[in-house]
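Printed here is model.cif (mmCIF, C-alpha atoms):
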data_target
#
loop_
_atom_site.group_PDB
_atom_site.id
_atom_site.type_symbol
_atom_site.label_atom_id
_atom_site.label_comp_id
_atom_site.auth_asym_id
_atom_site.auth_seq_id
_atom_site.Cartn_x
_atom_site.Cartn_y
_atom_site.Cartn_z
ATOM 1 C CA MET A 814 -100.968 66.954 50.171
ATOM 2 C CA ILE A 815 -101.776 63.660 48.475
ATOM 3 C CA GLU A 816 -104.378 63.029 51.168
ATOM 4 C CA PHE A 817 -105.913 66.420 50.380
ATOM 5 C CA LEU A 818 -106.078 65.671 46.649
ATOM 6 C CA LYS A 819 -107.648 62.279 47.294
ATOM 7 C CA MET A 820 -110.576 63.884 49.130
ATOM 8 C CA GLY A 821 -111.213 60.725 51.130
ATOM 9 C CA GLY A 822 -111.935 58.740 47.962
ATOM 10 C CA TYR A 823 -114.274 61.365 46.489
ATOM 11 C CA ALA A 824 -111.583 63.085 44.402
ATOM 12 C CA ALA A 825 -113.270 62.542 41.034
ATOM 13 C CA TYR A 826 -116.590 63.962 42.262
ATOM 14 C CA VAL A 827 -115.235 66.892 44.279
ATOM 15 C CA TRP A 828 -112.623 68.089 41.791
ATOM 16 C CA SER A 829 -114.821 67.696 38.737
ATOM 17 C CA SER A 830 -117.499 69.815 40.460
ATOM 18 C CA TYR A 831 -115.037 72.555 41.327
ATOM 19 C CA GLY A 832 -113.488 72.331 37.861
ATOM 20 C CA ILE A 833 -116.779 72.785 36.036
ATOM 21 C CA VAL A 834 -117.722 75.725 38.257
ATOM 22 C CA ALA A 835 -114.337 77.358 37.598
ATOM 23 C CA VAL A 836 -114.656 76.887 33.826
ATOM 24 C CA VAL A 837 -118.221 78.235 33.579
ATOM 25 C CA LEU A 838 -117.527 81.266 35.771
ATOM 26 C CA PHE A 839 -114.326 81.963 33.843
ATOM 27 C CA LEU A 840 -116.168 81.811 30.509
ATOM 28 C CA ASN A 841 -118.694 84.323 31.823
ATOM 29 C CA VAL A 842 -115.930 86.744 32.769
ATOM 30 C CA ILE A 843 -114.141 86.379 29.436
ATOM 31 C CA SER A 844 -117.216 86.753 27.245
ATOM 32 C CA SER A 845 -118.568 89.766 29.165
ATOM 33 C CA TRP A 846 -115.220 91.525 29.193
ATOM 34 C CA ARG A 847 -114.527 90.826 25.504
ATOM 35 C CA ARG A 848 -117.920 92.108 24.510
ATOM 36 C CA TYR A 849 -117.368 95.312 26.467
ATOM 37 C CA LYS A 850 -113.893 95.925 25.031
ATOM 38 C CA ASN A 851 -114.963 95.187 21.435
ATOM 39 C CA LEU A 852 -117.930 97.502 21.776
ATOM 40 C CA LEU A 853 -115.753 100.348 23.063
ATOM 41 C CA ARG A 854 -113.340 99.848 20.186
ATOM 42 C CA ARG A 855 -116.137 99.783 17.601
ATOM 43 C CA LEU A 856 -117.820 102.909 18.970
ATOM 44 C CA LYS A 857 -114.491 104.719 19.085
ATOM 45 C CA ARG A 858 -113.918 103.966 15.417
ATOM 46 C CA ILE A 859 -117.416 105.026 14.388
ATOM 47 C CA HIS A 860 -117.336 108.288 16.295
ATOM 48 C CA SER A 861 -113.853 109.295 15.213
ATOM 49 C CA GLU A 862 -114.758 108.632 11.555
ATOM 50 C CA ASN A 863 -117.844 110.797 11.936
ATOM 51 C CA ASN A 864 -115.745 113.580 13.395
ATOM 52 C CA ASN A 865 -113.391 113.508 10.441
ATOM 53 C CA VAL A 866 -116.268 113.799 7.990
ATOM 54 C CA THR A 867 -118.030 116.718 9.648
ATOM 55 C CA MET B 814 -136.773 119.391 49.767
ATOM 56 C CA SER B 815 -138.887 116.625 51.233
ATOM 57 C CA VAL B 816 -137.615 113.101 51.702
ATOM 58 C CA LYS B 817 -139.887 111.909 48.923
ATOM 59 C CA ASP B 818 -138.411 114.427 46.476
ATOM 60 C CA LYS B 819 -134.919 113.420 47.479
ATOM 61 C CA VAL B 820 -135.684 109.768 46.883
ATOM 62 C CA TRP B 821 -137.124 110.563 43.463
ATOM 63 C CA LEU B 822 -134.142 112.690 42.595
ATOM 64 C CA TRP B 823 -131.815 109.836 43.560
ATOM 65 C CA PHE B 824 -133.918 107.418 41.569
ATOM 66 C CA HIS B 825 -133.788 109.569 38.457
ATOM 67 C CA ARG B 826 -130.078 110.158 38.753
ATOM 68 C CA MET B 827 -129.495 106.432 39.169
ATOM 69 C CA ALA B 828 -131.594 105.742 36.118
ATOM 70 C CA SER B 829 -129.729 108.277 34.001
ATOM 71 C CA PRO B 830 -127.535 106.245 31.639
ATOM 72 C CA ALA B 831 -124.427 108.425 31.833
ATOM 73 C CA TYR B 832 -124.506 108.479 35.629
ATOM 74 C CA PHE B 833 -125.105 104.759 35.974
ATOM 75 C CA TYR B 834 -122.354 103.981 33.488
ATOM 76 C CA LYS B 835 -119.867 106.028 35.503
ATOM 77 C CA LEU B 836 -121.006 104.621 38.836
ATOM 78 C CA ALA B 837 -120.776 101.030 37.558
ATOM 79 C CA GLY B 838 -117.245 101.721 36.367
ATOM 80 C CA GLN B 839 -116.241 103.033 39.793
ATOM 81 C CA LEU B 840 -117.808 100.120 41.637
ATOM 82 C CA LEU B 841 -116.346 97.390 39.447
ATOM 83 C CA PRO B 842 -112.723 97.255 40.748
ATOM 84 C CA TRP B 843 -113.880 97.081 44.384
ATOM 85 C CA CYS B 844 -116.316 94.411 43.482
ATOM 86 C CA ILE B 845 -113.653 92.327 41.727
ATOM 87 C CA VAL B 846 -111.249 92.576 44.677
ATOM 88 C CA ALA B 847 -113.951 91.632 47.196
ATOM 89 C CA THR B 848 -115.042 88.669 45.045
ATOM 90 C CA ILE B 849 -111.501 87.296 44.801
ATOM 91 C CA ILE B 850 -110.790 87.657 48.537
ATOM 92 C CA LEU B 851 -114.048 86.073 49.661
ATOM 93 C CA MET B 852 -113.759 83.272 47.150
ATOM 94 C CA LEU B 853 -110.239 82.417 48.335
ATOM 95 C CA VAL B 854 -111.313 82.498 51.983
ATOM 96 C CA GLY B 855 -114.342 80.340 51.195
ATOM 97 C CA LEU B 856 -112.329 77.840 49.140
ATOM 98 C CA VAL B 857 -109.578 77.391 51.727
ATOM 99 C CA GLY B 858 -112.124 77.232 54.550
ATOM 100 C CA GLY B 859 -114.314 74.767 52.723
ATOM 101 C CA LEU B 860 -111.683 72.489 51.203
ATOM 102 C CA VAL B 861 -109.076 72.555 53.991
ATOM 103 C CA PHE B 862 -110.370 73.744 57.341
ATOM 104 C CA ALA B 863 -113.929 72.430 57.414
ATOM 105 C CA PRO B 864 -114.011 68.967 59.007
ATOM 106 C CA ALA B 865 -115.169 66.007 56.914
ATOM 107 C CA ASP B 866 -118.858 65.205 57.272
ATOM 108 C CA TYR B 867 -119.620 62.288 59.588
ATOM 109 C CA GLN B 868 -121.825 60.635 56.955
ATOM 110 C CA GLN B 869 -120.503 61.826 53.602
ATOM 111 C CA GLY B 870 -116.785 62.184 54.409
ATOM 112 C CA ASP B 871 -115.020 64.637 52.093
ATOM 113 C CA GLY B 872 -117.716 64.211 49.453
ATOM 114 C CA PHE B 873 -119.857 66.814 51.196
ATOM 115 C CA ARG B 874 -117.380 69.525 50.138
ATOM 116 C CA ILE B 875 -119.302 69.856 46.875
ATOM 117 C CA ILE B 876 -121.734 71.849 49.023
ATOM 118 C CA TYR B 877 -119.454 74.904 48.766
ATOM 119 C CA VAL B 878 -120.124 75.284 45.065
ATOM 120 C CA HIS B 879 -123.477 73.539 44.741
ATOM 121 C CA VAL B 880 -125.484 75.477 47.319
ATOM 122 C CA PRO B 881 -124.209 78.964 46.405
ATOM 123 C CA ALA B 882 -124.885 78.216 42.712
ATOM 124 C CA ALA B 883 -128.399 77.010 43.529
ATOM 125 C CA TRP B 884 -129.123 80.059 45.682
ATOM 126 C CA MET B 885 -127.847 82.344 42.936
ATOM 127 C CA SER B 886 -129.949 80.603 40.290
ATOM 128 C CA MET B 887 -133.048 81.727 42.193
ATOM 129 C CA PHE B 888 -131.689 85.081 43.333
ATOM 130 C CA VAL B 889 -130.722 86.160 39.808
ATOM 131 C CA TYR B 890 -134.131 85.089 38.519
ATOM 132 C CA MET B 891 -135.816 87.223 41.173
ATOM 133 C CA VAL B 892 -133.655 90.195 40.152
ATOM 134 C CA MET B 893 -134.792 89.592 36.565
ATOM 135 C CA ALA B 894 -138.457 89.274 37.539
ATOM 136 C CA VAL B 895 -138.495 92.385 39.761
ATOM 137 C CA ASN B 896 -136.726 94.464 37.124
ATOM 138 C CA SER B 897 -139.086 93.147 34.458
ATOM 139 C CA ALA B 898 -142.031 94.301 36.572
ATOM 140 C CA ILE B 899 -140.465 97.754 37.068
ATOM 141 C CA PHE B 900 -139.827 97.969 33.334
ATOM 142 C CA LEU B 901 -143.382 96.961 32.436
ATOM 143 C CA ILE B 902 -145.020 99.334 34.936
ATOM 144 C CA TRP B 903 -142.775 102.425 34.907
ATOM 145 C CA HIS B 904 -140.926 101.906 31.587
ATOM 146 C CA ILE B 905 -137.550 102.438 33.221
ATOM 147 C CA LYS B 906 -135.051 101.336 30.577
ATOM 148 C CA LEU B 907 -132.319 100.692 33.101
ATOM 149 C CA SER B 908 -134.430 97.945 34.655
ATOM 150 C CA ASP B 909 -134.704 96.190 31.320
ATOM 151 C CA ILE B 910 -130.941 96.467 30.963
ATOM 152 C CA VAL B 911 -130.406 94.900 34.394
ATOM 153 C CA ALA B 912 -132.837 92.095 33.535
ATOM 154 C CA ARG B 913 -131.253 91.175 30.227
ATOM 155 C CA SER B 914 -127.727 91.549 31.608
ATOM 156 C CA SER B 915 -128.592 88.889 34.188
ATOM 157 C CA ALA B 916 -129.942 86.173 31.904
ATOM 158 C CA ILE B 917 -126.764 84.374 30.821
ATOM 159 C CA ILE B 918 -125.081 84.447 34.217
ATOM 160 C CA GLY B 919 -128.353 83.279 35.798
ATOM 161 C CA ALA B 920 -128.572 80.402 33.356
ATOM 162 C CA SER B 921 -124.928 79.578 34.139
ATOM 163 C CA PHE B 922 -125.637 79.355 37.878
ATOM 164 C CA THR B 923 -128.648 77.137 37.232
ATOM 165 C CA PHE B 924 -126.612 74.872 34.967
ATOM 166 C CA LEU B 925 -123.895 74.640 37.648
ATOM 167 C CA ALA B 926 -126.404 73.866 40.392
ATOM 168 C CA LEU B 927 -127.810 71.033 38.272
ATOM 169 C CA VAL B 928 -124.446 69.606 37.202
ATOM 170 C CA THR B 929 -122.746 69.784 40.619
ATOM 171 C CA GLY B 930 -125.904 68.369 42.199
ATOM 172 C CA SER B 931 -125.815 65.504 39.744
ATOM 173 C CA ILE B 932 -122.142 64.821 40.485
ATOM 174 C CA TRP B 933 -122.914 64.941 44.205
ATOM 175 C CA GLY B 934 -125.939 62.687 43.811
ATOM 176 C CA LYS B 935 -124.000 59.873 42.150
ATOM 177 C CA PRO B 936 -121.895 58.798 45.173
ATOM 178 C CA MET B 937 -124.510 59.740 47.803
ATOM 179 C CA TRP B 938 -127.801 58.624 46.262
ATOM 180 C CA GLY B 939 -126.376 56.173 43.749
ATOM 181 C CA THR B 940 -127.892 58.005 40.779
ATOM 182 C CA TRP B 941 -127.055 61.027 38.602
ATOM 183 C CA TRP B 942 -130.641 62.107 38.268
ATOM 184 C CA VAL B 943 -134.116 61.534 39.679
ATOM 185 C CA TRP B 944 -137.320 63.221 38.602
ATOM 186 C CA ASP B 945 -138.109 64.554 42.045
ATOM 187 C CA ALA B 946 -139.746 67.918 42.657
ATOM 188 C CA ARG B 947 -136.584 69.866 43.528
ATOM 189 C CA LEU B 948 -134.541 68.647 40.574
ATOM 190 C CA THR B 949 -137.373 68.949 38.093
ATOM 191 C CA SER B 950 -138.322 72.493 39.117
ATOM 192 C CA GLU B 951 -134.663 73.534 38.953
ATOM 193 C CA LEU B 952 -134.433 72.075 35.458
ATOM 194 C CA LEU B 953 -137.543 74.061 34.549
ATOM 195 C CA LEU B 954 -135.734 77.164 35.799
ATOM 196 C CA LEU B 955 -132.910 76.480 33.342
ATOM 197 C CA PHE B 956 -135.452 76.242 30.522
ATOM 198 C CA LEU B 957 -137.034 79.524 31.650
ATOM 199 C CA TYR B 958 -133.648 81.250 31.437
ATOM 200 C CA LEU B 959 -132.949 79.717 28.025
ATOM 201 C CA GLY B 960 -136.446 80.628 26.843
ATOM 202 C CA TYR B 961 -135.908 84.216 27.971
ATOM 203 C CA ILE B 962 -132.551 84.435 26.169
ATOM 204 C CA GLY B 963 -133.996 82.807 23.038
ATOM 205 C CA LEU B 964 -137.102 84.972 22.983
ATOM 206 C CA ARG B 965 -135.121 88.175 23.315
ATOM 207 C CA SER B 966 -132.650 87.287 20.616
ATOM 208 C CA ALA B 967 -135.439 86.206 18.271
ATOM 209 C CA ILE B 968 -137.075 89.661 18.307
ATOM 210 C CA ASP B 969 -135.210 92.445 16.563
ATOM 211 C CA ASP B 970 -137.216 95.389 17.875
ATOM 212 C CA ARG B 971 -135.618 96.219 21.223
ATOM 213 C CA ARG B 972 -138.846 97.523 22.776
ATOM 214 C CA VAL B 973 -140.921 94.534 21.736
ATOM 215 C CA ALA B 974 -138.160 92.174 22.888
ATOM 216 C CA GLY B 975 -138.057 93.961 26.235
ATOM 217 C CA LYS B 976 -141.784 93.670 26.719
ATOM 218 C CA ALA B 977 -142.046 90.029 25.666
ATOM 219 C CA GLY B 978 -139.033 89.046 27.749
ATOM 220 C CA SER B 979 -140.376 90.851 30.809
ATOM 221 C CA ILE B 980 -143.713 89.086 30.591
ATOM 222 C CA LEU B 981 -142.001 85.708 30.263
ATOM 223 C CA ALA B 982 -139.726 86.461 33.226
ATOM 224 C CA LEU B 983 -142.712 87.501 35.369
ATOM 225 C CA VAL B 984 -144.838 84.481 34.511
ATOM 226 C CA GLY B 985 -141.880 82.187 35.166
ATOM 227 C CA ALA B 986 -141.373 83.705 38.629
ATOM 228 C CA ILE B 987 -144.114 81.386 39.909
ATOM 229 C CA ASN B 988 -141.496 78.638 39.675
ATOM 230 C CA ILE B 989 -139.252 80.231 42.323
ATOM 231 C CA PRO B 990 -141.412 79.503 45.408
ATOM 232 C CA ILE B 991 -142.053 76.052 43.936
ATOM 233 C CA ILE B 992 -138.300 75.337 43.853
ATOM 234 C CA HIS B 993 -137.837 76.749 47.325
ATOM 235 C CA TYR B 994 -140.634 74.813 49.003
ATOM 236 C CA SER B 995 -140.400 71.685 46.858
ATOM 237 C CA VAL B 996 -138.407 69.841 49.527
ATOM 238 C CA VAL B 997 -141.052 70.739 52.125
ATOM 239 C CA TRP B 998 -144.197 70.180 50.076
ATOM 240 C CA TRP B 999 -143.217 66.919 48.453
ATOM 241 C CA ASN B 1000 -141.342 63.917 49.670
ATOM 242 C CA THR B 1001 -138.142 64.368 47.696
ATOM 243 C CA LEU B 1002 -134.841 62.566 47.511
ATOM 244 C CA HIS B 1003 -133.217 65.965 47.791
ATOM 245 C CA GLN B 1004 -132.621 66.810 51.433
ATOM 246 C CA ALA B 1005 -134.479 69.581 53.267
ATOM 247 C CA PRO B 1006 -132.594 72.837 53.893
ATOM 248 C CA SER B 1007 -129.995 72.622 56.643
ATOM 249 C CA VAL B 1008 -128.740 76.201 56.606
ATOM 250 C CA SER B 1009 -131.756 78.487 56.370
ATOM 251 C CA LYS B 1010 -132.971 77.609 59.836
ATOM 252 C CA PHE B 1011 -130.809 80.298 61.367
ATOM 253 C CA ASP B 1012 -132.068 79.867 64.927
ATOM 254 C CA ASN B 1013 -130.922 76.294 64.912
ATOM 255 C CA PRO B 1014 -128.819 75.494 61.852
ATOM 256 C CA SER B 1015 -128.063 71.799 61.642
ATOM 257 C CA ILE B 1016 -124.552 72.415 60.351
ATOM 258 C CA GLU B 1017 -121.360 73.022 62.269
ATOM 259 C CA ILE B 1018 -119.979 76.557 62.505
ATOM 260 C CA ASN B 1019 -116.656 75.866 60.732
ATOM 261 C CA MET B 1020 -118.618 74.203 57.951
ATOM 262 C CA LEU B 1021 -121.096 77.064 57.818
ATOM 263 C CA VAL B 1022 -118.689 80.029 57.672
ATOM 264 C CA PRO B 1023 -116.978 78.956 54.401
ATOM 265 C CA LEU B 1024 -120.397 78.316 52.905
ATOM 266 C CA LEU B 1025 -121.539 81.827 53.733
ATOM 267 C CA CYS B 1026 -118.263 83.223 52.336
ATOM 268 C CA MET B 1027 -118.823 81.341 49.088
ATOM 269 C CA ALA B 1028 -122.442 82.486 48.948
ATOM 270 C CA ILE B 1029 -121.427 86.140 49.289
ATOM 271 C CA ALA B 1030 -118.547 85.613 46.833
ATOM 272 C CA PHE B 1031 -120.984 84.213 44.237
ATOM 273 C CA LYS B 1032 -123.291 87.169 44.813
ATOM 274 C CA LEU B 1033 -120.413 89.600 44.301
ATOM 275 C CA PHE B 1034 -119.303 87.674 41.234
ATOM 276 C CA TYR B 1035 -122.781 88.137 39.795
ATOM 277 C CA LEU B 1036 -122.558 91.843 40.589
ATOM 278 C CA CYS B 1037 -119.246 92.097 38.693
ATOM 279 C CA ILE B 1038 -120.750 90.436 35.624
ATOM 280 C CA LEU B 1039 -123.897 92.538 35.930
ATOM 281 C CA LEU B 1040 -121.864 95.760 36.061
ATOM 282 C CA ILE B 1041 -119.794 94.832 32.987
ATOM 283 C CA ASN B 1042 -122.819 93.636 31.001
ATOM 284 C CA SER B 1043 -124.991 96.613 31.816
ATOM 285 C CA ARG B 1044 -122.186 98.958 30.789
ATOM 286 C CA SER B 1045 -122.071 97.167 27.427
ATOM 287 C CA GLU B 1046 -125.845 97.309 27.076
ATOM 288 C CA LEU B 1047 -125.858 101.018 27.951
ATOM 289 C CA LEU B 1048 -123.165 101.789 25.376
ATOM 290 C CA GLU B 1049 -125.063 99.851 22.748
ATOM 291 C CA GLN B 1050 -128.373 101.493 23.532
ATOM 292 C CA GLU B 1051 -126.962 105.012 23.782
ATOM 293 C CA LYS B 1052 -124.357 104.759 21.036
ATOM 294 C CA ARG B 1053 -125.563 107.885 19.265
ATOM 295 C CA SER B 1054 -125.850 110.044 22.370
ATOM 296 C CA ASN B 1055 -123.398 112.797 23.213
ATOM 297 C CA TRP B 1056 -122.111 111.270 26.414
ATOM 298 C CA VAL B 1057 -121.048 108.094 24.649
ATOM 299 C CA LYS B 1058 -119.440 110.141 21.873
ATOM 300 C CA GLU B 1059 -117.481 112.178 24.415
ATOM 301 C CA LEU B 1060 -116.559 109.061 26.334
ATOM 302 C CA VAL B 1061 -115.117 107.105 23.433
ATOM 303 C CA THR B 1062 -113.370 110.000 21.701
ATOM 304 C CA SER B 1063 -111.807 111.480 24.839
ATOM 305 C CA SER B 1064 -110.080 108.292 25.967
#

Output the file's structure in the form of C-alpha cells.
Amino acid sequence: MIEFLKMGGYAAYVWSSYGIVAVVLFLNVISSWRRYKNLLRRLKRIHSENNNVT
Amino acid sequence: MSVKDKVWLWFHRMASPAYFYKLAGQLLPWCIVATIILMLVGLVGGLVFAPADYQQGDGFRIIYVHVPAAWMSMFVYMVMAVNSAIFLIWHIKLSDIVARSSAIIGASFTFLALVTGSIWGKPMWGTWWVWDARLTSELLLLFLYLGYIGLRSAIDDRRVAGKAGSILALVGAINIPIIHYSVVWWNTLHQAPSVSKFDNPSIEINMLVPLLCMAIAFKLFYLCILLINSRSELLEQEKRSNWVKELVTSS
C-alpha cells in the first residue's frame, strides 16, 4: 500500500495531477447541477405566481 | 415516406426543444452510471495493473489523465465549431445551445491538459514549461475558449452573442489541426503520438486499455455535463413557453 502511494518516487507529481483533475471535474458537476436546480426552482416560482394572478 | 423525409423528420424532432429536453433527461442517468464505471475501471487499470514504464517508472501514470484531457480539449472544440457552423448556416438554435454548453467544460479540459502536462514535464524534461509548438498551440486553445466565454457574456442580445461566438469558434478551429500536427511539423520537446498509430501502437496492451477506458470515460463525462447544461439553457431560452410552464408546475 505504501509502495503504491509512493509511486516509485513520483508521488508528488502523480497525485497532484490526479487531484487537480478530480477537483476541476467535480467543480464542473457541482456548478452545472446547481445552475439547473436553481433555474427549475426559479421558473416554478414565477409560473405558479402567474397562475395565481390569472 | 422516403428516407430523406424520415431523416428530416428525425432532425426536426431532435431540434424541438421539448423533445430534446425530455430525451436529455432520459439519457442522463445512463450516462452518469457509464461514466463512473469506466472511470473506476480506467483508474484501477492505470494506477494498479499497468506496469511501470521502463524509462519513466511510475511517473508515466500521469498519462491516464493528461492524454484524455488533451484529446477532449480538441474534441469539445470541434463540437463547438461544427455546431457554430450549423447555427450560422441553418439557424438551428439547438446547435447554438450545444456550442455554448460546451465552452466551460472544454476550457476545463484544456486547463487540465496544460497543468497535468506541466506537472509531468517537470520530472521528465526538467522544466514546467517550454514555448514549443504543442504547448503554445494548446495554450492558444485555452485563450480561444476563454475568449468565446468572455465574448458571449459581454453581449446581452442572445442572437448577436450567438452569431459573434459562432464566428469566433469557427475562426479558432484553424488551431485544432495545428495542435494535432504540431509534434510532426515542428521539432518539439513534446513527444510524438504513441497511441494513434493503431496498426502498430508503441504502447503495451495493458497500458493501452486503461487509457482507452479513461478516454471514453472523459467523453461520457463531457456528455453528462453537456446534457445538464443544455437542459438549463433550454429552460432559460424557453421559459415563457407552454411546455416549460407545464413542466415546472406539474412536478

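Distances to A:Leu818 were evaluated for B:Pro936, B:Pro1006, B:Leu860, B:Asp969 using only C-alpha atoms, and the minimum falls at B:Leu860.
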
Sort by chain and increasing residue number a table of all residues of chain A within 9 Å of chain B, each with its closest pair of atoms and their distance in Å to one decimal, counting all atoms listed in the file, and write it as CSV.
residue,atom,partner,partner_atom,distance
A:Phe817,CA,B:Val861,CA,7.8
A:Met820,CA,B:Asp871,CA,5.4
A:Gly821,CA,B:Asp871,CA,5.5
A:Gly822,CA,B:Asp871,CA,7.8
A:Tyr823,CA,B:Gly872,CA,5.4
A:Ala824,CA,B:Gly872,CA,8.0
A:Tyr826,CA,B:Ile932,CA,5.9
A:Val827,CA,B:Ile875,CA,5.7
A:Trp828,CA,B:Ile875,CA,8.6
A:Ser829,CA,B:Ile932,CA,8.1
A:Ser830,CA,B:Thr929,CA,5.2
A:Tyr831,CA,B:Val878,CA,6.9
A:Ile833,CA,B:Leu925,CA,7.5
A:Val834,CA,B:Leu925,CA,6.3
A:Val837,CA,B:Ser921,CA,6.9
A:Leu838,CA,B:Ser921,CA,7.8
A:Asn841,CA,B:Ile918,CA,6.8
A:Val842,CA,B:Ile1038,CA,6.7
A:Ser845,CA,B:Asn1042,CA,6.0
A:Trp846,CA,B:Ile1041,CA,6.8
A:Arg848,CA,B:Ser1045,CA,7.2
A:Tyr849,CA,B:Ser1045,CA,5.1
A:Lys850,CA,B:Ser1045,CA,8.6
A:Leu852,CA,B:Ser1045,CA,7.0
A:Leu853,CA,B:Val1061,CA,6.8
A:Arg854,CA,B:Val1061,CA,8.1
A:Leu856,CA,B:Val1061,CA,6.7
A:Lys857,CA,B:Val1061,CA,5.0
A:Arg858,CA,B:Val1061,CA,8.7
A:His860,CA,B:Lys1058,CA,6.2
A:Ser861,CA,B:Thr1062,CA,6.5

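One distance worth recording is that between atom CA of A:Ile815 and atom CA of B:Gly858, which is 18.1 Å.
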
Selection dump of the PyMOL selection byres ((chain B and resi 954) around 12), as a PyMOL selection string: chain B and resi 883+885-891+916+919-924+926-927+947-953+955-961+981-982+984-993

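From atom CA of B:Gln868 back to atom CA of B:Met937, the distance works out to 9.6 Å.
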
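Atom CA of B:Asp909 is found 6.2 Å from atom CA of B:Ser897.
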
Apply the PyMOL selection byres ((chain B and resi 977) around 10) to the structure shown and report the selected residues as a PDB file with C-alpha atoms, in the coordinates of the input.
ATOM      1  CA  SER B 897    -139.086  93.147  34.458  1.00  0.00           C
ATOM      2  CA  LEU B 901    -143.382  96.961  32.436  1.00  0.00           C
ATOM      3  CA  TYR B 961    -135.908  84.216  27.971  1.00  0.00           C
ATOM      4  CA  LEU B 964    -137.102  84.972  22.983  1.00  0.00           C
ATOM      5  CA  ARG B 965    -135.121  88.175  23.315  1.00  0.00           C
ATOM      6  CA  ILE B 968    -137.075  89.661  18.307  1.00  0.00           C
ATOM      7  CA  ARG B 971    -135.618  96.219  21.223  1.00  0.00           C
ATOM      8  CA  ARG B 972    -138.846  97.523  22.776  1.00  0.00           C
ATOM      9  CA  VAL B 973    -140.921  94.534  21.736  1.00  0.00           C
ATOM     10  CA  ALA B 974    -138.160  92.174  22.888  1.00  0.00           C
ATOM     11  CA  GLY B 975    -138.057  93.961  26.235  1.00  0.00           C
ATOM     12  CA  LYS B 976    -141.784  93.670  26.719  1.00  0.00           C
ATOM     13  CA  GLY B 978    -139.033  89.046  27.749  1.00  0.00           C
ATOM     14  CA  SER B 979    -140.376  90.851  30.809  1.00  0.00           C
ATOM     15  CA  ILE B 980    -143.713  89.086  30.591  1.00  0.00           C
ATOM     16  CA  LEU B 981    -142.001  85.708  30.263  1.00  0.00           C
ATOM     17  CA  ALA B 982    -139.726  86.461  33.226  1.00  0.00           C
TER      18      ALA B 982
END

Taking the file as shown, what set of residues would the PyMOL selection byres ((chain B and resi 849) around 12) give back, as a ChimeraX atom specification? /B:842-848,850-856,1026-1027,1029-1034,1037

Hey, which of B:Leu983, B:Tyr867, B:Ala946, B:Ala1005 ends up closest to B:Ala898? Count all atoms listed in the file. B:Leu983
